[in-house]
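Q: Here's a structure for you.
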Amino acid sequence: MKTPQMRNKIVWTFVLVLLAALITGLTPATIASQTDTEDIVVLVDGREIRGTILNETASFVVIEVRTGGIRSELRFSKNEIDRIDRDVPVARPADRRDQQRQPERRTEREVERPAGVRSVVDEDADVARVYHIPMKGQMGTDIHHEVYMKLREDILRLQPDLIVFEMHCSDRDDLLIPLNDPRERGLFTQKLSEYRDLIHFFKTDFRHIDQVMWVHDSYGVSSLIALAWEDMYMTPNARLAGLAFLSQMAEGFGDQDVKAKMLAAWTGVARGLIEHGGYAVELAEAMMRPELKLGATFRGREVIWSLAGDGEWVVNDRTDQVAAFTAKTAEDLLISSGTAETLDDLMFLLGHREFRLLDTQVPQIVERYKDDWRRRFEESVELFQDYQKYLSWAQGNEAIANLGRARSAIDRIIRLMSQYDAIETRWLTDYGIHKIQLEILREQLGEQIATLRRQQRGR
Amino acid sequence: MTSNIRNLMCLLLILAIAPIAAAGDAIELRLSDGTRWRGTTDDRVELTVRDRHVEQKWVGQIVEVHDRYIIAEVMFGTQLSKRPFMLADIISIRVLPKEEVRDTDRPTERRPDRTPVAADRDRPGIFFFPMYGAIGYFDRGDSRQSLIRAEELRQMKEYLDKNHGPGQIVVLHMDTPGGAVVETEEISKILFEMRRDHRLIAWVREAISGGCYIIIHCHEIYFTSEGSAGAMTPHAGGNPVPPAELRRYLAEGGRLMEAGGRSPYIAHAMIQASSMLSYDKDPETGEVTFYNDLSGEYILSNDKDNLVLTASQAVHCGFAQGIANSLDDLAKLLDLDEWYETSNYGRRIHGELSRNLRRAADEIPLLLGRLEYRGTHTGDRERVLRTRISIWQQLLAWWRRCPPAAEVMLPPEQYIERQIEELQRELRLLRQQR
């Protein structure tokens with residue numbers, strides 16, 4: 001049983017605690033604010049804005065951001081926002097590092113390879129961890145920036161020591177090997193921005209990871225991509241060429257000043273990409289402009305290029321064709337860093353006697369994507385043939401049914417275009433048909449069906 | 001009950017009704033529209049309040065928070081006083097930068113001699129302004145799906161003048177193949193004014209033709225590694241401009257280059273193929289001397305080629321001040337501790353324009369197609385007329401919403417208005433017959 005004194009003591013203890021809480025500011029509101037949390041506004045373009053949301057309505061969000069002592073208020077429309085994560089604990093730097101790298105746990109195995117280079121599967125920190133990214137097919141469709149930019153999280157998670165890009169792309173006419181199907185020509189103007197985004201994505205966002213471009217063949221637009229990397233290797237039968245189309249884009253302009261402008265504009269943009277890989281401007285010009293010759297003079301490991309064609313080595317003395325390179329000439333002229341037939345050879349040239357090829361699904365993803373979109377593209381072409389067939393059958397008693405089938409076929413094509421940008425692109429480049437035209441066609445068919453139904457009801 | 005306990009009960013009662021938040025505490029308010037606002041009692045805020053159907057703005061500090069109302073210390077008349085504001089009446093709350101002192105005589109009136117200040121007196125504000133796409137016209141085939149107009153730049157300038165004052169850093173992020181000369185010249189006029197008050201930075205991914213003409217207005221130019229700039233030759237749909245026009249362009253280009261501390265010969269080589277350009281660079285001082293011939297050690301343009309500079313060329317000859325591949329890189333080059341943006345206003349207005357253009361590219365062709373067939377299945381002439389009027393009205397709305405897209409994709413506004421008038425007349429006559 002409590003005495004009055006004990007009761008008073010308990011009550012006063014409680015009061016004192018409450019007073020202490022108020023004085024130090026430990027109210028519920030401030031308790032919440034003193035835990036390390038932040039709000040994260042994730043934008044549709046992937047950017048994450050971290051801070052404290054100050055105001056939010058149905059149409060916008062205002063977030064306070066503090067960087068380096070500077071306080072800013074940023075306002076975003078809800079259209080720009082993918083999602084909002086509220087009260088996220090602020091990760092300590094060590095936690096963030098742990099989150100980024102999660103080493104895989106594998107049992108130790110070892111594969112002996114004939115070249116003396118060993119691909120191992122173990123956790124040895126001295127073994128280079130290699131992330132392999134194939135780029136095969138037509139530029140702009142098979143090699144599509146969206147497929148590769150989705151690898152961001154995977155690369156961040158695995159934190160490889162080395163990324164190896166494997167380029168197989170021949171999508172322009174060669175004098176000796178003409179392109180069988182002109183529709184397979186690599187895309188340039190339509191996709192230039194996306195190619196730059198792709199290069200920027202890897203070279204800037206992952207600049208802390210060594211990267212190597214391994215060219216199995218590159219004839220056409222892909223050579224611009226390949227040359228954006230300083231460390232480039234080639235397989236023995238690879239080509240590095242096919243950029244003459246850039247100067248051909250300036251043909252058709254009669255005035256010399258305008259023609260020179262157009263030529264400079266297109267080749268200038270391309271030169272920027274090639275220079276990004278550390279290659280000489282003269283080399284880039286000679287690969288694009290047939291009227292220029294190319295000569296090389298060696299000063300140690302440095303090559304001095306000449307567009308007059310003079311020098312120790314006359315690379316191209318013709319004025320009706322551009323400079324083109326095989327694996328051997330590219331290596332001899334110090335354009336490529338070496339020739340490697342297999343991945344083991346490549347790793348050996350890079351100084352790795354042991355390496356571990358990370359078990360990612362990237363090659364399968366890339367191959368599957370290519371197979372999928374091409375298969376669906378063929379399907380869309382057949383669907384259009386079906387549309388034409390059903391349209392021709394749409395008469396008499398079967399008119400409504402066949403118009404419905406025709407509309408379904410168009411609807412399916414539209415959905416395939418929405419699923420694969422490559423399909424939409426190929427419909428435009430191959431047939432000159434835009435997705436909007438198909439949407440209008442679908443609506444027109446709907447109107448025809450409705451008209452026939454009304455007429456039937458009227459009878 | 002003893003006196004001690006009575007006193008204790010009074011104390012507890014006082015504490016129970018005491019303000020939830022003490023000075024400097026974080027506060028969270030739920031406004032009448034259901035949104036949440038978070039801040040602290042130290043914040044200077046602008047309250048937008050509905051008072052008998054009239055919106056009023058009050059600037060002050062929230063000092064007390066209660067369940068259904070807050071008390072804020074605001075200027076009322078000429079006096080600083082505490083006023084209650086019902087939460088249900090508060091439309092919005094905006095935190096003001098601490099330096100932005102806006103004493104008001106009346107709730108919605110600004111002090112006439114208000115001096116705009118940057119968010120931080122020691123560091124200027126930084127504003128990012130995207131300039132993507134063709135200049136002055138919407139190219140639907142361009143994957144950038146945007147365009148550059150003087151209008152957005154004008155809005156940016158006015159926003160800076162009104163809210164932040166002179167001395168800001170404005171970064172123009174350039175990715176353009178050029179475009180209309182007339183629009184470029186309008187942009188030039190605005191940039192001339194802006195460069196007087198602000199530090200203009202060009203960050204170049206691609207600045208060809210008119211794009212290059214824009215960047216030479218800037219105090220500093222930085223490239224991305226793959227960047228390129230040049231080829232400023234004006235032309236009329238592929239045809240050369242009259243010689244007098246070309247001379248004017250050469251003179252203007254040269255003058256702009258000189259105003260930016262660059263050689264006018266650079267402009268000449270970028271405009272005319274026959275203009276040559278070379279330079280020497282002092283290996284010790286780095287000073288660059290340009291020549292309009294090929295006598296210099298470094299040759300940039302011969303008498304047949306037009307000049308486009310790559311990143312390394314631009315930096316080596318002094319046209320550009322550095323290479324930055326990210327905003328963090330750019331911050332370092334601008335001597336900033338780190339990248340920050342005082343406001344995303346520039347990004348917002350550009351984003352809005354781009355969204356409208358993309359929507360227009362999808363919707364306008366669909367609407368034009370629908371003019372032919374929409375509603376025809378009904379057989380009802382009146383319904384068809386009403387449908388067509390509605391579609392034409394939607395197309396007219398696009399002229400108001402996004403003129404750049406409408407100019408490319410629609411007939412003139414007056415034509416659309418006449419179409420609507422004709423159809424409305426036809427509808428009237430039809431109804432009269434019935």
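To be explicit about the labels: the chains of the structure tokens are called A, B, and onward in the order shown, and within each one the residues are counted from 1, while ligands get numbers from 1 in the order they are shown.
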Tell me as a ChimeraX atom specification which residues belonging to chain A come within 7 Å of chain B, counting only C-alpha atoms.
A: /A:25,29-30,33,53-57,67,72-75,190-191,193,204,253,255,257-258,260-261,264-265,268-269,271-273,275-276,436,440,444,447-448,450-451
Q: Hey, what does DSSP flag as helix (DSSP H, G or I) within segment 253-415 of chain A? Can you give it to me as a VMD selection string?
A: chain A and resid 256 to 276 281 to 288 327 to 332 343 to 349 362 to 393 396 to 415
Q: One number please: atom CA of Ile414 of chain A to atom CA of Val384 of chain B, in Å, one decimal.
A: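 The value is 27.1 Å.
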Q: Taking into account only C-alpha atoms, which residue in the set A:Gln395, A:Gln437, A:Gln256, A:Ser218 is nearest to Asp411 of chain A?
A: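 Between A:Gln395, A:Gln437, A:Gln256, A:Ser218, the residue approaching Asp411 of chain A most closely is A:Gln437.
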Q: Choose the residue, out of B:Leu395, B:Ala72, B:Leu430, B:Ile62, that has the smallest atom-to-atom separation from Tyr415 of chain B; count only C-alpha atoms.
A: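 Checking each candidate against Tyr415 of chain B, we get B:Leu395 as the closest.
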Q: Can you pull out every residue within 10 Å of Pro166 of chain B, counting only C-alpha atoms, but drop anything in the same chain fewer than 2 positions away, and send it as a tab-separated table (two decimals) with C-alpha atoms, in the first residue's frame?
A:
```
chain	number	residue	atom	x	y	z
B	116	PRO	CA	16.19	40.60	-54.43
B	117	VAL	CA	18.89	38.51	-52.92
B	118	ALA	CA	20.35	35.17	-53.80
B	124	PRO	CA	25.23	32.94	-56.12
B	125	GLY	CA	22.22	30.98	-57.18
B	160	LEU	CA	15.52	35.57	-62.27
B	161	ASP	CA	14.87	39.30	-62.34
B	162	LYS	CA	11.77	38.99	-60.20
B	163	ASN	CA	12.89	36.43	-57.66
B	164	HIS	CA	16.65	36.43	-57.42
B	168	GLN	CA	23.27	34.38	-60.67
B	169	ILE	CA	24.95	31.55	-62.54
B	194	MET	CA	21.16	38.32	-69.42
B	195	ARG	CA	24.91	38.38	-69.78
B	196	ARG	CA	24.98	41.88	-68.33
B	197	ASP	CA	23.45	40.68	-65.07
B	198	HIS	CA	24.43	37.07	-64.75
B	199	ARG	CA	27.30	34.68	-65.30
```
Q: Find the distance between atom CA of Asp317 of chain A and atom CA of Ala286 of chain A and write it in Å to one decimal.
A: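 Interatomic distance, atom CA of Asp317 of chain A to atom CA of Ala286 of chain A: 10.5 Å.
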Q: Do you know which residues are at most 7 Å from segment 362-375 of chain A counting only C-alpha atoms, after dropping those on the same chain fewer than 5 positions away, and could you put them as a PyMOL selection string?
A: chain A and resi 133-134+142+420+423
Q: Please run DSSP on the backbone and report, as a PDB file with C-alpha atoms, in the first residue's frame, all residues within segment 216-431 of chain A that come out as strand (DSSP E or B).
A:
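Output (result_39.pdb):
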```
ATOM      1  CA  HIS A 216      34.511  -8.908 -83.486  1.00  0.00           C
ATOM      2  CA  ASP A 217      33.366  -6.899 -86.483  1.00  0.00           C
ATOM      3  CA  SER A 218      32.312  -3.306 -86.928  1.00  0.00           C
ATOM      4  CA  TYR A 219      31.234  -1.965 -90.269  1.00  0.00           C
ATOM      5  CA  MET A 232      39.845  -1.320 -77.954  1.00  0.00           C
ATOM      6  CA  TYR A 233      40.800  -4.803 -79.046  1.00  0.00           C
ATOM      7  CA  MET A 234      39.819  -6.719 -82.147  1.00  0.00           C
ATOM      8  CA  ARG A 239      36.920  -4.872 -89.506  1.00  0.00           C
ATOM      9  CA  LEU A 240      36.745  -1.314 -88.232  1.00  0.00           C
ATOM     10  CA  ALA A 241      35.240   0.788 -91.009  1.00  0.00           C
ATOM     11  CA  LEU A 294      45.863   9.166 -94.572  1.00  0.00           C
ATOM     12  CA  GLY A 295      49.460   8.683 -93.628  1.00  0.00           C
ATOM     13  CA  ALA A 296      51.107   7.815 -90.329  1.00  0.00           C
ATOM     14  CA  THR A 297      54.471   8.552 -88.752  1.00  0.00           C
ATOM     15  CA  PHE A 298      55.565   6.885 -85.525  1.00  0.00           C
ATOM     16  CA  ARG A 299      57.213   8.699 -82.672  1.00  0.00           C
ATOM     17  CA  GLU A 302      52.654   7.915 -80.591  1.00  0.00           C
ATOM     18  CA  VAL A 303      51.280   8.102 -84.112  1.00  0.00           C
ATOM     19  CA  ILE A 304      51.308  11.363 -86.001  1.00  0.00           C
ATOM     20  CA  TRP A 305      48.609  11.303 -88.657  1.00  0.00           C
ATOM     21  CA  SER A 306      48.617  13.206 -91.912  1.00  0.00           C
ATOM     22  CA  TRP A 313      53.201   4.517 -93.581  1.00  0.00           C
ATOM     23  CA  VAL A 314      50.761   5.457 -96.324  1.00  0.00           C
ATOM     24  CA  VAL A 315      47.508   4.124 -94.969  1.00  0.00           C
ATOM     25  CA  ASN A 316      45.273   5.390 -97.741  1.00  0.00           C
ATOM     26  CA  PHE A 325      41.073  -1.049 -90.944  1.00  0.00           C
ATOM     27  CA  THR A 326      41.477  -4.725 -90.327  1.00  0.00           C
ATOM     28  CA  GLY A 338      45.818  -5.683 -79.562  1.00  0.00           C
ATOM     29  CA  THR A 339      44.263  -8.653 -81.278  1.00  0.00           C
ATOM     30  CA  GLU A 354      43.177 -15.326 -63.819  1.00  0.00           C
ATOM     31  CA  PHE A 355      39.762 -13.830 -64.182  1.00  0.00           C
ATOM     32  CA  ARG A 356      36.240 -14.582 -63.210  1.00  0.00           C
ATOM     33  CA  LEU A 357      33.442 -14.129 -65.706  1.00  0.00           C
TER      34      LEU A 357
END
```
Q: Which one of A:Glu285, A:Thr235, A:Leu346, A:Pro160 sits closest to Val212 of chain A if you count only C-alpha atoms?
A: A:Leu346
Q: Determine, counting only C-alpha atoms, which protein, DNA and RNA residues have an atom within 6 Å of an atom of segment 278-288 of chain B; residues of the same chain fewer than 3 positions away are not included. Present the result as a list of chain:residue names.
A: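 Counting only the stated atoms, we get B:Tyr291, B:Leu294, B:Gly296, B:Glu297, B:Tyr298, B:Ile299, B:Leu300.
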Q: What's around segment 146-150 of chain B at 7 Å? Count only C-alpha atoms, leave out sequence neighbours fewer than 2 positions away in its own chain, and write the answer as a VMD selection string.
A: chain B and resid 131 to 138 144 152 to 154 183 186 to 187 354 357
Q: Quick one: pull the distance between atom CA of Pro290 of chain A and atom CA of Asp320 of chain A, Å, one decimal.
A: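 According to the coordinates, atom CA of Pro290 of chain A and atom CA of Asp320 of chain A are separated by 5.0 Å.
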Q: Quick one: residues within 12 Å of Arg289 of chain A, only C-alpha atoms counted, chain neighbours fewer than 2 positions away excluded, as JSON, numbers by chain?
A: {"A": [241, 242, 243, 244, 245, 246, 247, 248, 249, 250, 251, 263, 264, 266, 267, 268, 270, 271, 282, 283, 284, 285, 286, 287, 291, 292, 293, 294, 307, 316, 318, 319, 320, 321, 322, 323, 324], "B": [305]}
Q: Point out the residue among A:Gly309, A:Gly446, A:Gly432, A:Gly220 with the least atom-to-atom distance to Leu403 of chain A, counting only C-alpha atoms.
A: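 Counting only C-alpha atoms, the residue closest to Leu403 of chain A is A:Gly446.
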Q: Of the candidates B:Glu245, B:Glu252, B:Glu382, B:Glu193, which shows the shortest atom-to-atom distance to Lys157 of chain B, using only C-alpha atoms?
A: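 Answer, going by the shortest atom-to-atom distance: B:Glu193.
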